$ cat coords06.txt   # compact mmCIF, C-alpha atoms
# COMPACT_ATOMS: atom_id res chain seq x y z
CA MET O 1 -26.48 -2.10 -36.04
CA SER O 2 -26.36 -5.05 -38.37
CA LEU O 3 -23.52 -6.82 -40.07
CA ARG O 4 -23.49 -5.77 -43.72
CA PHE O 5 -21.51 -8.81 -44.84
CA ASN O 6 -18.75 -11.09 -43.68
CA TYR O 7 -15.71 -9.69 -45.45
CA ARG O 8 -13.69 -12.74 -44.37
CA ALA O 9 -15.96 -15.00 -46.43
CA VAL O 10 -16.16 -12.55 -49.34
CA SER O 11 -12.41 -11.98 -49.55
CA PRO O 12 -10.43 -14.62 -47.64
CA SER O 13 -7.18 -13.42 -49.20
CA THR O 14 -7.72 -9.95 -47.75
CA PHE O 15 -8.30 -11.42 -44.31
CA LYS O 16 -5.22 -13.63 -44.69
CA SER O 17 -3.05 -10.65 -45.66
CA MET O 18 -4.30 -8.61 -42.72
CA MET O 19 -3.68 -11.51 -40.35
CA GLU O 20 -0.13 -11.89 -41.66
CA MET O 21 0.55 -8.24 -40.87
CA GLU O 22 -1.20 -8.55 -37.49
CA ASN O 23 0.82 -11.62 -36.55
CA TYR O 24 4.06 -10.01 -37.67
CA ILE O 25 3.56 -6.77 -35.78
CA SER O 26 2.19 -8.42 -32.63
CA GLY O 27 5.31 -10.56 -32.55
CA ARG O 28 7.42 -7.40 -32.41
CA PHE O 29 5.99 -6.48 -28.98
CA ALA O 30 7.47 -8.14 -25.91
CA ASP O 31 5.16 -5.95 -23.81
CA LYS O 32 1.71 -7.31 -24.71
CA VAL O 33 -0.02 -4.93 -22.28
CA LEU O 34 1.42 -1.94 -24.14
CA TYR O 35 0.28 -3.44 -27.44
CA GLU O 36 -3.28 -4.02 -26.22
CA LEU O 37 -3.50 -0.52 -24.73
CA LEU O 38 -2.47 0.87 -28.12
CA LYS O 39 -5.16 -1.12 -29.92
CA ILE O 40 -7.84 -0.18 -27.40
CA ARG O 41 -7.04 3.55 -27.52
CA VAL O 42 -6.99 3.68 -31.31
CA SER O 43 -10.26 1.74 -31.44
CA GLN O 44 -11.81 4.22 -28.99
CA ILE O 45 -10.76 7.14 -31.19
CA ASN O 46 -12.13 5.46 -34.31
CA GLY O 47 -15.35 4.33 -32.63
CA CYS O 48 -14.86 0.65 -33.45
CA SER O 49 -16.96 -1.36 -31.01
CA TYR O 50 -15.87 -4.71 -32.44
CA CYS O 51 -12.14 -4.07 -31.93
CA LEU O 52 -12.64 -2.24 -28.65
CA ASP O 53 -14.52 -5.23 -27.23
CA MET O 54 -11.97 -7.73 -28.55
CA HIS O 55 -8.88 -5.94 -27.30
CA ALA O 56 -10.33 -5.00 -23.92
CA LYS O 57 -11.04 -8.71 -23.37
CA ASP O 58 -7.53 -9.58 -24.61
CA LEU O 59 -6.02 -7.12 -22.11
CA LEU O 60 -8.06 -8.59 -19.26
CA LYS O 61 -6.66 -12.02 -20.12
CA LEU O 62 -3.20 -10.60 -19.37
CA GLY O 63 -4.11 -9.61 -15.82
CA ASP O 64 -6.11 -7.17 -13.72
CA TYR O 65 -6.23 -4.21 -16.09
CA ALA O 66 -9.86 -3.18 -15.61
CA ASP O 67 -8.82 0.24 -14.28
CA HIS O 68 -6.60 0.77 -17.32
CA ILE O 69 -9.51 0.04 -19.63
CA LEU O 70 -11.94 2.21 -17.68
CA GLN O 71 -9.58 5.18 -17.54
CA LEU O 72 -7.88 4.88 -20.92
CA ALA O 73 -10.01 7.49 -22.69
CA LEU O 74 -8.79 10.02 -20.11
CA TRP O 75 -5.22 8.78 -19.74
CA ARG O 76 -3.84 12.32 -19.51
CA GLU O 77 -5.94 13.01 -16.41
CA VAL O 78 -4.98 10.02 -14.24
CA PRO O 79 -1.68 8.87 -12.71
CA LEU O 80 -2.32 5.21 -13.57
CA PHE O 81 -0.25 5.12 -16.76
CA THR O 82 3.55 4.99 -16.88
CA GLU O 83 5.58 7.58 -18.77
CA LYS O 84 6.34 4.95 -21.42
CA GLU O 85 2.61 4.15 -21.81
CA ARG O 86 1.83 7.88 -22.00
CA ALA O 87 4.41 8.40 -24.76
CA MET O 88 2.94 5.45 -26.69
CA LEU O 89 -0.64 6.64 -26.23
CA GLU O 90 0.16 10.17 -27.35
CA LEU O 91 1.99 8.84 -30.40
CA ALA O 92 -0.87 6.43 -31.22
CA GLU O 93 -3.35 9.29 -31.05
CA ALA O 94 -1.20 11.54 -33.24
CA VAL O 95 -0.67 8.87 -35.90
CA THR O 96 -4.38 7.97 -35.88
CA ARG O 97 -5.26 11.66 -36.30
CA ILE O 98 -2.27 12.37 -38.56
CA SER O 99 -4.12 14.94 -40.69
CA GLU O 100 -4.71 17.23 -37.70
CA GLN O 101 -1.12 18.09 -36.81
CA GLY O 102 1.14 15.28 -37.94
CA VAL O 103 3.60 14.04 -35.32
CA PRO O 104 5.17 17.12 -33.74
CA THR O 105 8.90 17.07 -33.02
CA ASP O 106 8.38 17.34 -29.26
CA LEU O 107 6.16 14.24 -29.33
CA TYR O 108 8.70 12.39 -31.44
CA ASN O 109 11.40 13.30 -28.92
CA ARG O 110 9.27 12.16 -25.95
CA ALA O 111 8.52 8.86 -27.67
CA ARG O 112 12.20 8.33 -28.47
CA GLU O 113 13.04 8.68 -24.76
CA HIS O 114 11.27 5.34 -24.29
CA PHE O 115 11.53 3.65 -27.69
CA SER O 116 14.41 2.94 -30.08
CA GLU O 117 14.08 3.83 -33.76
CA GLU O 118 13.08 0.24 -34.50
CA GLU O 119 10.48 0.24 -31.71
CA TYR O 120 9.18 3.59 -32.97
CA VAL O 121 8.63 2.02 -36.41
CA ASP O 122 6.89 -0.94 -34.73
CA LEU O 123 4.57 1.46 -32.91
CA ILE O 124 3.70 3.29 -36.11
CA MET O 125 3.03 0.00 -37.88
CA ALA O 126 0.88 -1.23 -34.98
CA VAL O 127 -1.20 1.96 -35.16
CA ASN O 128 -1.59 1.49 -38.91
CA VAL O 129 -2.67 -2.13 -38.52
CA ILE O 130 -5.34 -1.42 -35.89
CA ASN O 131 -6.54 1.59 -37.89
CA SER O 132 -6.97 -0.77 -40.86
CA TRP O 133 -8.86 -3.33 -38.76
CA ASN O 134 -11.09 -0.55 -37.38
CA ARG O 135 -11.92 0.72 -40.84
CA ILE O 136 -12.73 -2.76 -42.13
CA ALA O 137 -14.94 -3.51 -39.12
CA ILE O 138 -16.80 -0.20 -39.24
CA ALA O 139 -17.27 -0.25 -43.03
CA THR O 140 -18.71 -3.78 -42.97
CA GLY O 141 -20.93 -3.19 -39.93
CA MET O 142 -19.12 -5.44 -37.47
CA TYR O 143 -20.05 -5.23 -33.79
CA PRO O 144 -19.20 -7.38 -30.77
CA GLY O 145 -20.44 -10.90 -31.42
CA SER O 146 -21.21 -10.31 -35.10
CA LEU O 147 -18.59 -12.82 -36.33

$ encode --input "coords06.txt" --output "structure tokens"
Amino acid sequence: MSLRFNYRAVSPSTFKSMMEMENYISGRFADKVLYELLKIRVSQINGCSYCLDMHAKDLLKLGDYADHILQLALWREVPLFTEKERAMLELAEAVTRISEQGVPTDLYNRAREHFSEEEYVDLIMAVNVINSWNRIAIATGMYPGSL
């Protein structure tokens, strides 16, 4: 893989706008572990090595979460994740793959057991932001260490 071009240098205003959204939405999360798990899982689904590497390292800076990272792709199969984390992960997957089945009512109801309406919106926005970062990174050929 090779970096196609540095989009930050080509379009600094695009990068600035994305960072403004990133900073806004990250500030909405008191639980930084939950936020990093969301970004890692979405990056796994999208196949974004750059973001996966970045956010796995960010999660490790928050504590000993190596097992979470190693088992995240199979979160449904292991007891490591809390019910709140499971609701978030299922919602993040559904929103990332929105064209497959939307967000079913039963999933919405499970998510709302753990998240207020405002937190639900924050989750959706967080998924949208990391999906955007993933698409930028993949389309421009970014990989860990490329920028």

$ axis_aligned_box --input "coords06.txt" --around "stretch 118-136 of chain O" --padding-each-side "4 Å" --output "JSON"
{"center_x": 0.2, "center_y": 0.1, "center_z": -36.9, "size_x": 33.8, "size_y": 14.9, "size_z": 18.4}

$ atom_distance --input "coords06.txt" --atom1 "atom CA of O:Tyr35" --atom2 "atom CA of O:Phe81"
13.7 Å

$ atom_distance --input "coords06.txt" --atom1 "atom CA of O:Ile40" --atom2 "atom CA of O:Asp122"
16.5 Å

$ atom_distance --input "coords06.txt" --atom1 "atom CA of O:Ile130" --atom2 "atom CA of O:Ala73"
16.6 Å

$ residues_near_point --input "coords06.txt" --point "(-13.3, -6.0, -19.3)" --cutoff "10 Å" --atoms "all atoms listed in the file" --output "ChimeraX atom specification"
/O:53-61,64-70

$ residues_around --input "coords06.txt" --residues "O:Met1" --least-positions-apart "6" --cutoff "9 Å" --atoms "all atoms listed in the file" --output "MDAnalysis selection string"
chainID O and resid 141:143

$ closest_atom_pairs --input "coords06.txt" --of "stretch 11-54 of chain O" --to "stretch 89-110 of chain O" --cutoff "8 Å" --atoms "all atoms listed in the file" --output "Markdown table"
| residue | atom | partner | partner_atom | distance |
| --- | --- | --- | --- | --- |
| O:Leu37 | CA | O:Leu89 | CA | 7.9 |
| O:Leu38 | CA | O:Leu89 | CA | 6.3 |
| O:Arg41 | CA | O:Leu89 | CA | 7.2 |
| O:Val42 | CA | O:Glu93 | CA | 6.7 |
| O:Ile45 | CA | O:Glu93 | CA | 7.7 |

$ residues_around --input "coords06.txt" --residues "O:Leu80" --least-positions-apart "4" --cutoff "10 Å" --atoms "all atoms listed in the file" --output "PyMOL selection string"
chain O and resi 67-68+71-72+75-76+85-86

$ write_last_selection --input "coords06.txt" --atoms "C-alpha atoms" --output "PDB file, in the frame of the given file"
ATOM      1  CA  ASP O  67      -8.820   0.240 -14.280  1.00  0.00           C
ATOM      2  CA  HIS O  68      -6.600   0.770 -17.320  1.00  0.00           C
ATOM      3  CA  GLN O  71      -9.580   5.180 -17.540  1.00  0.00           C
ATOM      4  CA  LEU O  72      -7.880   4.880 -20.920  1.00  0.00           C
ATOM      5  CA  TRP O  75      -5.220   8.780 -19.740  1.00  0.00           C
ATOM      6  CA  ARG O  76      -3.840  12.320 -19.510  1.00  0.00           C
ATOM      7  CA  GLU O  85       2.610   4.150 -21.810  1.00  0.00           C
ATOM      8  CA  ARG O  86       1.830   7.880 -22.000  1.00  0.00           C
TER       9      ARG O  86
END

$ closest_residue --input "coords06.txt" --among "O:Cys48, O:Glu119, O:Leu62, O:Phe5" --to "O:Ser132" --atoms "only C-alpha atoms"
O:Cys48

$ residues_around --input "coords06.txt" --residues "O:Met21" --least-positions-apart "6" --cutoff "12 Å" --atoms "all atoms listed in the file" --output "CSV table (one decimal) with C-alpha atoms, in the frame of the given file"
chain,number,residue,atom,x,y,z
O,14,THR,CA,-7.7,-10.0,-47.8
O,15,PHE,CA,-8.3,-11.4,-44.3
O,27,GLY,CA,5.3,-10.6,-32.6
O,28,ARG,CA,7.4,-7.4,-32.4
O,122,ASP,CA,6.9,-0.9,-34.7
O,125,MET,CA,3.0,0.0,-37.9
O,126,ALA,CA,0.9,-1.2,-35.0
O,127,VAL,CA,-1.2,2.0,-35.2
O,128,ASN,CA,-1.6,1.5,-38.9
O,129,VAL,CA,-2.7,-2.1,-38.5
O,130,ILE,CA,-5.3,-1.4,-35.9
O,132,SER,CA,-7.0,-0.8,-40.9
O,133,TRP,CA,-8.9,-3.3,-38.8

$ closest_residue --input "coords06.txt" --among "O:Ser43, O:Leu147, O:Thr82, O:Leu123" --to "O:Ser26" --atoms "only C-alpha atoms"
O:Leu123

$ closest_residue --input "coords06.txt" --among "O:Arg112, O:Gly47, O:Met18, O:Ile138" --to "O:Met88" --atoms "all atoms listed in the file"
O:Arg112
